[in-house]
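This report refers to the structure that appears directly beneath it.
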Amino acid sequence: MKKSSLSRRNFLGTAAAAGAAGIIVPTLITSCSSRKRKEVILPVMPDAAPDGPLLRAGLIGCGGRGTGAALNFLHSGPSLTITALGDVFTDRVTSCRNRLANDGVEIADENCFVGFDAYQKVIDSGVDIILLATPPFFRPLHFEAAVTAGKHVFMEKPVAVDPTGVRQIMATGEKAKGMELCVVTGTQRHHQHDYVATWGKVQEGMIGDIVAANCYWNQGQLWYRDPNPSWTEMEYMIRDWVNWCWLSGDHIVEQHVHNIDVVNWFTGKKPVSAVSFGARHRRVTGDQYDFFSTDFIYDGGIHVHSMCRQINGCEGNVSEWVQGTEGSSNCQNSIVDLAGNELWKYDGYKLDEQGQMTDQLIRSPYDQEHIDFVTAIRTAQPLNEAEFVAVSTMAGIMGRISAYTGKKVTWDEMMNSDLKLGPKVYEMGPVDVSKSVPVPGE
């Protein structure tokens with residue numbers, strides 16, 4: 001196998017460059033149709049990472065997702081442990097520590113760190129791996145510090161909230177390549193068996209050339225926190241982080257990045273421009289919008305309609321769709337021809353007691369991404385997803401800025417923008433950021 005042609009390090013590389021964990025033993029797929037065809041390398045994703053010397057991980061960001069990521073890591077294979085925790089809040093560290101103790105992992109008092117400098121103390125505590133799950137605003141800083149210290153990194157999506165942060169992630173990702181460090185991100189669909197299989201069929205050419213796509217994340221109201229008189233403004237904002245743009249990037253970036261990322265993956269392209277609109281009707285905290293609708297234009301004139309909403313009592317939809325010259329796909333498990341006749345369906349789900357196919361995956365992608373991460377480390381075949389998720393994050397930022405301003409936004413503008421969100425000083429007190437809701441046209 002020619003490693004350079006299959007690596008996921010290059011966003012616009014060969015077909016396998018958009019696959020998941022391509023370092024694993026590949027499966028060759030060829031088309032039996034009379035049209036074309038490509039040969040596509042799919043990863044064979046193992047059920048568990050191989051054994052090896054003990055790997056010690058430190059968790060930075062001990063909330064629900066961070067604790068979940070720690071457990072996914074621990075369960076991905078043998079000889080794995082968590083030895084250090086860091087968060088700005090003591091209660092988060094305590095809660096995570098107690099949950100890990102229930103799983104048989106005890107964290108020493110001297111390796112539990114609290115404060116805005118906790119990330120560096122975790123990095124310096126003698127760990128091999130860093131798990132990053134703080135609010136996305138802090139991701140570029142923490143990622144750079146971890147890679148500079150020579151640590152392998154798993155980091156949650158999105159990886160930044162502004163163009164400056166995205167470019168920092170890209171630069172650090174390049175640095176990690178030169179150091180042969182593994183970097184895996186929380187865009188778990190790249191490690192989800194049905195998505196990977198469907199991607200392979202689309203790359204093989206089953207739907208022809210992709211000419212359009214849609215992606216959606218429409219759901220009810222997300223969680224929020226009410227102010228507490230005992231909290232400073234900074235503490236309140238961080239505890240309510242998912243509702244503040246400087247901390248989360250707004251939900252088109254924080255959540256909808258998953259769906260935008262799938263479109264980038266399946267098309268092998270990134271948007272060159274975006275025109276978006278959105279508004280705020282029902283949100284009760286923060287400064288963000290309730291919905292966004294974006295017309296992305298990709299290389300080759302491909303239009304992608306992106307839609308996301310967080311309002312109760314409305315139609316829900318979390319999905320992706322790509323249209324080709326010969327058919328279409330839901331990107332997850334099905335391909336149909338132009339008349340709507342099924343051409344292919346994923347058949348790798350669990351069977352029920354009667355032997356009938358269910359819609360349940362054999363293995364959770366949240367586990368699989370850590371299995372692939374640890375496998376890459378132990379087989380010394382570095383896997384680096386930093387640039388790919390950085391591109392998807394930047395696409396979400398393009399949609400957000402277009403909606404906030406009412407203006408067309410281009411990729412080139414974002415790559416040259418000096419926009420940086422958030423305060424200059426990190427301390428528990430007043431926060432020097434705008435709290436007003438953006439008004440398009442102003």
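Labeling convention for the structure tokens: chains A, B, ... as they appear, residues from 1 per chain, ligands from 1 in order of appearance.
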Surrounding residues of Arg239 in chain A excluding itself and chain neighbours under 6 positions, 10 Å, only C-alpha atoms, as a list of chain:residue names = A:Gly63, A:Phe89, A:Pro135, A:Tyr224, A:Arg225, A:Asp226, A:Pro227, A:Trp231, A:Glu233
Take the residues from that selection and write them out as a compact mmCIF listing (two decimals), in the first residue's frame, keeping N, CA and C atoms.
# COMPACT_ATOMS: atom_id res chain seq x y z
N GLY A 63 -16.31 17.96 32.17
CA GLY A 63 -17.76 17.93 32.10
C GLY A 63 -18.27 16.61 31.56
N PHE A 89 -13.26 24.27 37.26
CA PHE A 89 -14.16 24.13 38.40
C PHE A 89 -13.86 22.87 39.20
N PRO A 135 -14.73 23.90 26.64
CA PRO A 135 -15.43 24.68 25.62
C PRO A 135 -14.48 25.00 24.46
N TYR A 224 -29.36 25.02 29.16
CA TYR A 224 -28.82 26.32 29.54
C TYR A 224 -28.76 26.42 31.05
N ARG A 225 -28.02 27.39 31.56
CA ARG A 225 -27.89 27.64 32.99
C ARG A 225 -28.40 29.04 33.32
N ASP A 226 -29.15 29.17 34.39
CA ASP A 226 -29.55 30.48 34.89
C ASP A 226 -28.42 31.07 35.73
N PRO A 227 -28.30 32.39 35.77
CA PRO A 227 -27.26 33.01 36.61
C PRO A 227 -27.44 32.65 38.08
N TRP A 231 -21.92 33.22 41.60
CA TRP A 231 -20.97 33.08 40.50
C TRP A 231 -20.53 34.45 39.98
N GLU A 233 -19.27 36.66 36.62
CA GLU A 233 -19.75 36.61 35.24
C GLU A 233 -18.99 35.56 34.44
Compile the contact shell of range 290-307 of chain A as a count of residues only: residues with an atom at most 8 Å away, counting only C-alpha atoms, same-chain residues fewer than 4 positions apart removed.
-> 30
DSSP-assigned strand (DSSP E) among range 36-250 of chain A, expressed as a CSV table (one decimal) with C-alpha atoms, in the first residue's frame:
chain,number,residue,atom,x,y,z
A,39,GLU,CA,-10.8,1.5,-6.5
A,40,VAL,CA,-11.5,2.7,-3.0
A,41,ILE,CA,-9.6,1.7,0.1
A,42,LEU,CA,-11.8,1.4,3.2
A,43,PRO,CA,-10.4,0.9,6.7
A,55,LEU,CA,-0.5,4.5,28.0
A,56,ARG,CA,-1.4,7.3,30.5
A,57,ALA,CA,-3.9,10.0,29.5
A,58,GLY,CA,-4.7,13.3,31.0
A,59,LEU,CA,-8.2,14.8,30.7
A,60,ILE,CA,-8.6,18.6,30.2
A,80,LEU,CA,-4.8,2.2,29.2
A,81,THR,CA,-5.4,4.5,32.2
A,82,ILE,CA,-6.2,8.1,33.1
A,83,THR,CA,-3.8,9.7,35.6
A,84,ALA,CA,-4.6,13.4,35.6
A,85,LEU,CA,-7.6,15.7,35.5
A,86,GLY,CA,-7.9,19.4,34.9
A,87,ASP,CA,-10.8,21.9,34.8
A,112,CYS,CA,-6.2,16.8,40.1
A,113,PHE,CA,-5.8,20.4,38.9
A,114,VAL,CA,-8.2,23.4,39.0
A,129,ILE,CA,-1.9,11.4,25.7
A,130,ILE,CA,-4.1,14.5,26.2
A,131,LEU,CA,-7.9,14.4,25.9
A,132,LEU,CA,-9.3,17.9,25.2
A,152,HIS,CA,-0.8,12.6,21.3
A,153,VAL,CA,-4.1,14.4,21.3
A,154,PHE,CA,-7.8,13.5,21.1
A,155,MET,CA,-9.8,16.7,20.9
A,183,VAL,CA,-4.4,13.6,16.5
A,184,VAL,CA,-8.0,12.3,16.4
A,185,THR,CA,-11.1,14.6,16.7
A,210,ILE,CA,-21.9,14.8,-6.8
A,211,VAL,CA,-23.7,17.9,-8.0
A,212,ALA,CA,-25.5,19.1,-4.8
A,213,ALA,CA,-26.0,18.3,-1.1
A,214,ASN,CA,-28.1,19.1,2.0
A,215,CYS,CA,-27.2,18.8,5.6
A,216,TYR,CA,-29.4,19.4,8.7
A,217,TRP,CA,-29.3,19.5,12.5
A,218,ASN,CA,-32.7,20.6,13.6
A,219,GLN,CA,-33.7,19.8,17.2
One decimal place gives the CA of Ala395 in chain A-CA of Trp244 in chain A separation as 18.7 Å
Backbone DSSP call of alpha helix (DSSP H) for range 249-408 of chain A, listed as an NGL selection string | :A and (251-254 or 257-267 or 365-378 or 386-405)
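Coordinates place CA of Ser248 in chain A at a distance of 29.4 Å from CA of Ile377 in chain A.
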Write out as a count of residues only the residues lying within 6 Å of range 173-182 of chain A, counting only C-alpha atoms and excluding same-chain residues fewer than 6 positions away.
-> 5
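In this structure, CA of Thr267 in chain A sits 24.7 Å away from CA of Gly165 in chain A.
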Nearest to Glu156 in chain A: which of A:Ala49, A:Ile207, A:Ala69, A:Ile371 is it, counting only C-alpha atoms?
-> A:Ala69
For Val88 in chain A, please output as a ChimeraX atom specification all residues within 8 Å (counting only C-alpha atoms; exclusion window: fewer than 6 positions along the same chain).
-> /A:61,114-116,118
